[in-house]
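J.: My questions all concern the structure below.
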Amino acid sequence: MNAIVNFFTAFDEKLAMLMKAVVTVLGIFVSFAIVVGIVSRALLGKPVFGIEELILMAAMWLYMLGAALASRERSHLSADFIQAFSKNRTLNDIARLIATGLSVVMAGFFVAWSYSLFAWGFEKGQVTPVFSIPQYISQASLFVASILLLIYALRDFIHDASKLVVKN
């Protein structure tokens with residue numbers, strides 16, 4: 001069992017390193033591309049055709065991979081009202097388990113919805129106007145992120161449930 005856990009831990013670490021690198025590169029690209037677009041249009045009077053398409057594709061992947069990283073690190077936004085008002089550890093753990101369970105359910109819906117969107121985009125074959133980039137490339141970011149969100153939500157649910165079981 002430890003070998004399996006160690007394998008998934010190592011895989012997760014490698015995946016996180018890859019996602020962080022991609023997010024960094026995409027963040028730099030989006031920032032640079034926006035500046036180039038503004039400077040070329042405002043100062044030079046010559047718009048760079050298609051730059052918006054590239055920014056949109058990069059931004060979609062940037063945001064979705066960023067959300068997956070936040071979910072991995074459990075640093076995403078949360079409304080922990082009960083933990084703010086209660087010092088009872090068991091009550092806080094139960095509230096966290098319920099919230100994580102709801103996150104698992106919502107992530108499941110997100111996977112189903114994003115798969116439908118991705119499949120629809122793939123089927124329709126829509127492309128961007130300037131570079132003819134398939135629209136499903138940006139839609140795939142939603143699907144990939146939703147799968148990662150579901151995996152991390154399941155991991156957190158198992159962790160939260162095991163904390164309650166060990167206590168009792």
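Simple scheme: letters A, B, ... for chains in structure tokens order, numbers from 1 for residues in each chain, numbers from 1 for ligands in the order shown.
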Give me the segment 4-105 of chain A side of the contact with segment 121-141 of chain A, cut-off 9 Å, one line per residue showing its nearest atom pair and distance in Å at one decimal, counting only C-alpha atoms, sorted by chain and residue number, as JSON lines.
T.:
```
{"residue": "A:Phe49", "atom": "CA", "partner": "A:Val130", "partner_atom": "CA", "distance": 7.2}
{"residue": "A:Gly50", "atom": "CA", "partner": "A:Val130", "partner_atom": "CA", "distance": 5.4}
{"residue": "A:Glu53", "atom": "CA", "partner": "A:Thr128", "partner_atom": "CA", "distance": 6.9}
{"residue": "A:Leu54", "atom": "CA", "partner": "A:Phe131", "partner_atom": "CA", "distance": 8.8}
{"residue": "A:Leu56", "atom": "CA", "partner": "A:Ser138", "partner_atom": "CA", "distance": 7.9}
{"residue": "A:Met57", "atom": "CA", "partner": "A:Ser138", "partner_atom": "CA", "distance": 5.3}
{"residue": "A:Ala58", "atom": "CA", "partner": "A:Ser138", "partner_atom": "CA", "distance": 8.0}
{"residue": "A:Ala59", "atom": "CA", "partner": "A:Ser138", "partner_atom": "CA", "distance": 8.8}
{"residue": "A:Met60", "atom": "CA", "partner": "A:Ser138", "partner_atom": "CA", "distance": 6.0}
{"residue": "A:Trp61", "atom": "CA", "partner": "A:Ser141", "partner_atom": "CA", "distance": 5.2}
{"residue": "A:Leu62", "atom": "CA", "partner": "A:Ser141", "partner_atom": "CA", "distance": 8.7}
{"residue": "A:Tyr63", "atom": "CA", "partner": "A:Ser141", "partner_atom": "CA", "distance": 8.8}
{"residue": "A:Met64", "atom": "CA", "partner": "A:Ser141", "partner_atom": "CA", "distance": 6.1}
{"residue": "A:Leu65", "atom": "CA", "partner": "A:Ser141", "partner_atom": "CA", "distance": 7.7}
```
J.: Write a file of the just-selected residues containing N, CA and C atoms, as a PDB file, in the first residue's frame.
T.:
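Listing of result23.pdb after writing:
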```pdb
ATOM      1  N   PHE A  49      -2.633  41.641 -35.263  1.00  0.00           N
ATOM      2  CA  PHE A  49      -3.777  40.776 -35.496  1.00  0.00           C
ATOM      3  C   PHE A  49      -3.542  39.392 -34.905  1.00  0.00           C
ATOM      4  N   GLY A  50      -4.538  38.906 -34.211  1.00  0.00           N
ATOM      5  CA  GLY A  50      -4.500  37.565 -33.661  1.00  0.00           C
ATOM      6  C   GLY A  50      -3.935  37.473 -32.261  1.00  0.00           C
ATOM      7  N   GLU A  53      -6.396  36.254 -29.686  1.00  0.00           N
ATOM      8  CA  GLU A  53      -6.632  34.807 -29.718  1.00  0.00           C
ATOM      9  C   GLU A  53      -5.603  34.067 -28.870  1.00  0.00           C
ATOM     10  N   LEU A  54      -4.354  34.441 -29.057  1.00  0.00           N
ATOM     11  CA  LEU A  54      -3.279  33.783 -28.310  1.00  0.00           C
ATOM     12  C   LEU A  54      -3.391  34.079 -26.814  1.00  0.00           C
ATOM     13  N   LEU A  56      -6.166  34.788 -25.200  1.00  0.00           N
ATOM     14  CA  LEU A  56      -7.324  34.049 -24.690  1.00  0.00           C
ATOM     15  C   LEU A  56      -6.979  32.592 -24.416  1.00  0.00           C
ATOM     16  N   MET A  57      -6.313  31.950 -25.353  1.00  0.00           N
ATOM     17  CA  MET A  57      -5.935  30.545 -25.155  1.00  0.00           C
ATOM     18  C   MET A  57      -5.009  30.395 -23.956  1.00  0.00           C
ATOM     19  N   ALA A  58      -3.995  31.245 -23.890  1.00  0.00           N
ATOM     20  CA  ALA A  58      -3.032  31.174 -22.789  1.00  0.00           C
ATOM     21  C   ALA A  58      -3.701  31.493 -21.459  1.00  0.00           C
ATOM     22  N   ALA A  59      -4.572  32.491 -21.445  1.00  0.00           N
ATOM     23  CA  ALA A  59      -5.235  32.887 -20.193  1.00  0.00           C
ATOM     24  C   ALA A  59      -6.159  31.792 -19.675  1.00  0.00           C
ATOM     25  N   MET A  60      -6.848  31.125 -20.575  1.00  0.00           N
ATOM     26  CA  MET A  60      -7.725  30.023 -20.144  1.00  0.00           C
ATOM     27  C   MET A  60      -6.913  28.951 -19.435  1.00  0.00           C
ATOM     28  N   TRP A  61      -5.806  28.543 -20.036  1.00  0.00           N
ATOM     29  CA  TRP A  61      -4.954  27.520 -19.423  1.00  0.00           C
ATOM     30  C   TRP A  61      -4.314  28.050 -18.137  1.00  0.00           C
ATOM     31  N   LEU A  62      -3.910  29.310 -18.143  1.00  0.00           N
ATOM     32  CA  LEU A  62      -3.312  29.916 -16.956  1.00  0.00           C
ATOM     33  C   LEU A  62      -4.289  29.892 -15.785  1.00  0.00           C
ATOM     34  N   TYR A  63      -5.496  30.336 -16.004  1.00  0.00           N
ATOM     35  CA  TYR A  63      -6.489  30.389 -14.931  1.00  0.00           C
ATOM     36  C   TYR A  63      -6.864  28.994 -14.440  1.00  0.00           C
ATOM     37  N   MET A  64      -7.066  28.086 -15.361  1.00  0.00           N
ATOM     38  CA  MET A  64      -7.503  26.746 -14.963  1.00  0.00           C
ATOM     39  C   MET A  64      -6.394  25.971 -14.250  1.00  0.00           C
ATOM     40  N   LEU A  65      -5.173  26.066 -14.741  1.00  0.00           N
ATOM     41  CA  LEU A  65      -4.069  25.389 -14.043  1.00  0.00           C
ATOM     42  C   LEU A  65      -3.795  26.060 -12.700  1.00  0.00           C
TER      43      LEU A  65
END
```
J.: Please report, as a PyMOL selection string, each residue of segment 9-150 of chain A to which DSSP assigns alpha helix (DSSP H) when run on this structure's backbone.
T.: chain A and resi 9-38+51-73+81-85+89-124+136-150
J.: Write the residues of the selection above to a file with C-alpha atoms, as a short mmCIF file (atom, residue, chain, number, x, y, z; two decimals), in the first residue's frame.
T.:
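Done, and the output landed in selection_9.cif:
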```cif
data_model
loop_
_atom_site.label_atom_id
_atom_site.label_comp_id
_atom_site.auth_asym_id
_atom_site.auth_seq_id
_atom_site.Cartn_x
_atom_site.Cartn_y
_atom_site.Cartn_z
CA THR A 9 2.83 11.27 -4.20
CA ALA A 10 5.83 11.32 -6.53
CA PHE A 11 3.55 11.63 -9.57
CA ASP A 12 1.68 14.50 -7.92
CA GLU A 13 4.95 16.29 -7.13
CA LYS A 14 6.12 15.98 -10.75
CA LEU A 15 2.73 17.11 -12.04
CA ALA A 16 2.77 20.11 -9.69
CA MET A 17 6.26 21.08 -10.86
CA LEU A 18 5.07 20.88 -14.47
CA MET A 19 1.93 22.90 -13.75
CA LYS A 20 3.94 25.57 -11.90
CA ALA A 21 6.34 25.86 -14.83
CA VAL A 22 3.50 26.09 -17.35
CA VAL A 23 1.65 28.66 -15.21
CA THR A 24 4.82 30.74 -14.93
CA VAL A 25 5.48 30.66 -18.68
CA LEU A 26 1.84 31.41 -19.50
CA GLY A 27 1.73 34.25 -16.99
CA ILE A 28 4.81 35.84 -18.52
CA PHE A 29 3.44 35.31 -22.03
CA VAL A 30 0.02 36.81 -21.24
CA SER A 31 1.58 39.84 -19.54
CA PHE A 32 4.04 40.40 -22.35
CA ALA A 33 1.42 39.88 -25.08
CA ILE A 34 -0.96 42.36 -23.47
CA VAL A 35 1.79 44.98 -23.27
CA VAL A 36 2.76 44.33 -26.91
CA GLY A 37 -0.87 44.64 -27.96
CA ILE A 38 -1.36 47.91 -26.11
CA ILE A 51 -2.79 38.48 -30.41
CA GLU A 52 -6.13 38.41 -28.62
CA GLU A 53 -6.63 34.81 -29.72
CA LEU A 54 -3.28 33.78 -28.31
CA ILE A 55 -3.91 35.69 -25.08
CA LEU A 56 -7.32 34.05 -24.69
CA MET A 57 -5.93 30.54 -25.16
CA ALA A 58 -3.03 31.17 -22.79
CA ALA A 59 -5.24 32.89 -20.19
CA MET A 60 -7.72 30.02 -20.14
CA TRP A 61 -4.95 27.52 -19.42
CA LEU A 62 -3.31 29.92 -16.96
CA TYR A 63 -6.49 30.39 -14.93
CA MET A 64 -7.50 26.75 -14.96
CA LEU A 65 -4.07 25.39 -14.04
CA GLY A 66 -3.84 28.08 -11.36
CA ALA A 67 -7.16 26.89 -9.94
CA ALA A 68 -5.91 23.30 -9.96
CA LEU A 69 -2.73 24.34 -8.14
CA ALA A 70 -4.78 26.24 -5.55
CA SER A 71 -6.93 23.16 -5.05
CA ARG A 72 -3.85 20.97 -4.75
CA GLU A 73 -2.39 23.21 -2.07
CA PHE A 81 -17.66 30.36 9.13
CA ILE A 82 -17.97 27.57 11.64
CA GLN A 83 -14.23 27.42 12.25
CA ALA A 84 -14.21 31.18 12.81
CA PHE A 85 -16.85 30.98 15.55
CA ARG A 89 -12.34 20.62 16.94
CA THR A 90 -14.83 17.85 16.20
CA LEU A 91 -17.46 20.31 14.98
CA ASN A 92 -14.82 22.04 12.83
CA ASP A 93 -13.70 18.71 11.37
CA ILE A 94 -17.31 17.73 10.57
CA ALA A 95 -17.93 21.10 8.92
CA ARG A 96 -14.73 20.71 6.87
CA LEU A 97 -15.79 17.20 5.83
CA ILE A 98 -19.22 18.43 4.71
CA ALA A 99 -17.67 21.32 2.78
CA THR A 100 -15.17 18.97 1.13
CA GLY A 101 -17.99 16.53 0.30
CA LEU A 102 -19.90 19.34 -1.40
CA SER A 103 -16.72 20.24 -3.29
CA VAL A 104 -16.45 16.65 -4.52
CA VAL A 105 -20.05 16.74 -5.76
CA MET A 106 -19.59 20.11 -7.46
CA ALA A 107 -16.31 18.98 -9.02
CA GLY A 108 -18.13 15.93 -10.39
CA PHE A 109 -20.70 18.21 -12.02
CA PHE A 110 -17.86 20.38 -13.33
CA VAL A 111 -16.19 17.33 -14.93
CA ALA A 112 -19.45 16.33 -16.64
CA TRP A 113 -20.17 19.86 -17.85
CA SER A 114 -16.63 20.55 -19.07
CA TYR A 115 -16.47 17.20 -20.88
CA SER A 116 -19.73 18.05 -22.67
CA LEU A 117 -18.34 21.45 -23.65
CA PHE A 118 -15.05 19.95 -24.84
CA ALA A 119 -16.81 17.17 -26.81
CA TRP A 120 -19.17 19.70 -28.37
CA GLY A 121 -16.28 21.95 -29.35
CA PHE A 122 -14.37 19.01 -30.78
CA GLU A 123 -17.44 17.88 -32.74
CA LYS A 124 -18.22 21.35 -34.13
CA TYR A 136 -11.48 22.94 -28.15
CA ILE A 137 -7.91 23.72 -27.10
CA SER A 138 -9.13 26.39 -24.69
CA GLN A 139 -12.15 24.28 -23.76
CA ALA A 140 -9.80 21.41 -22.89
CA SER A 141 -8.36 23.58 -20.13
CA LEU A 142 -11.72 23.45 -18.35
CA PHE A 143 -11.88 19.68 -18.69
CA VAL A 144 -8.30 19.09 -17.50
CA ALA A 145 -8.74 21.46 -14.57
CA SER A 146 -12.05 19.89 -13.57
CA ILE A 147 -10.47 16.43 -13.47
CA LEU A 148 -7.62 17.76 -11.32
CA LEU A 149 -10.09 19.59 -9.05
CA LEU A 150 -12.06 16.37 -8.60
#
```
J.: Between atom CA of Ser75 of chain A and atom CA of Ala3 of chain A, what is the spacing in Å?
T.: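 Result for atom CA of Ala3 of chain A versus atom CA of Ser75 of chain A: 27.5 Å, one decimal.
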J.: Atom CA of Leu164 of chain A and atom CA of Phe7 of chain A, how far apart in Å?
T.: 25.4 Å
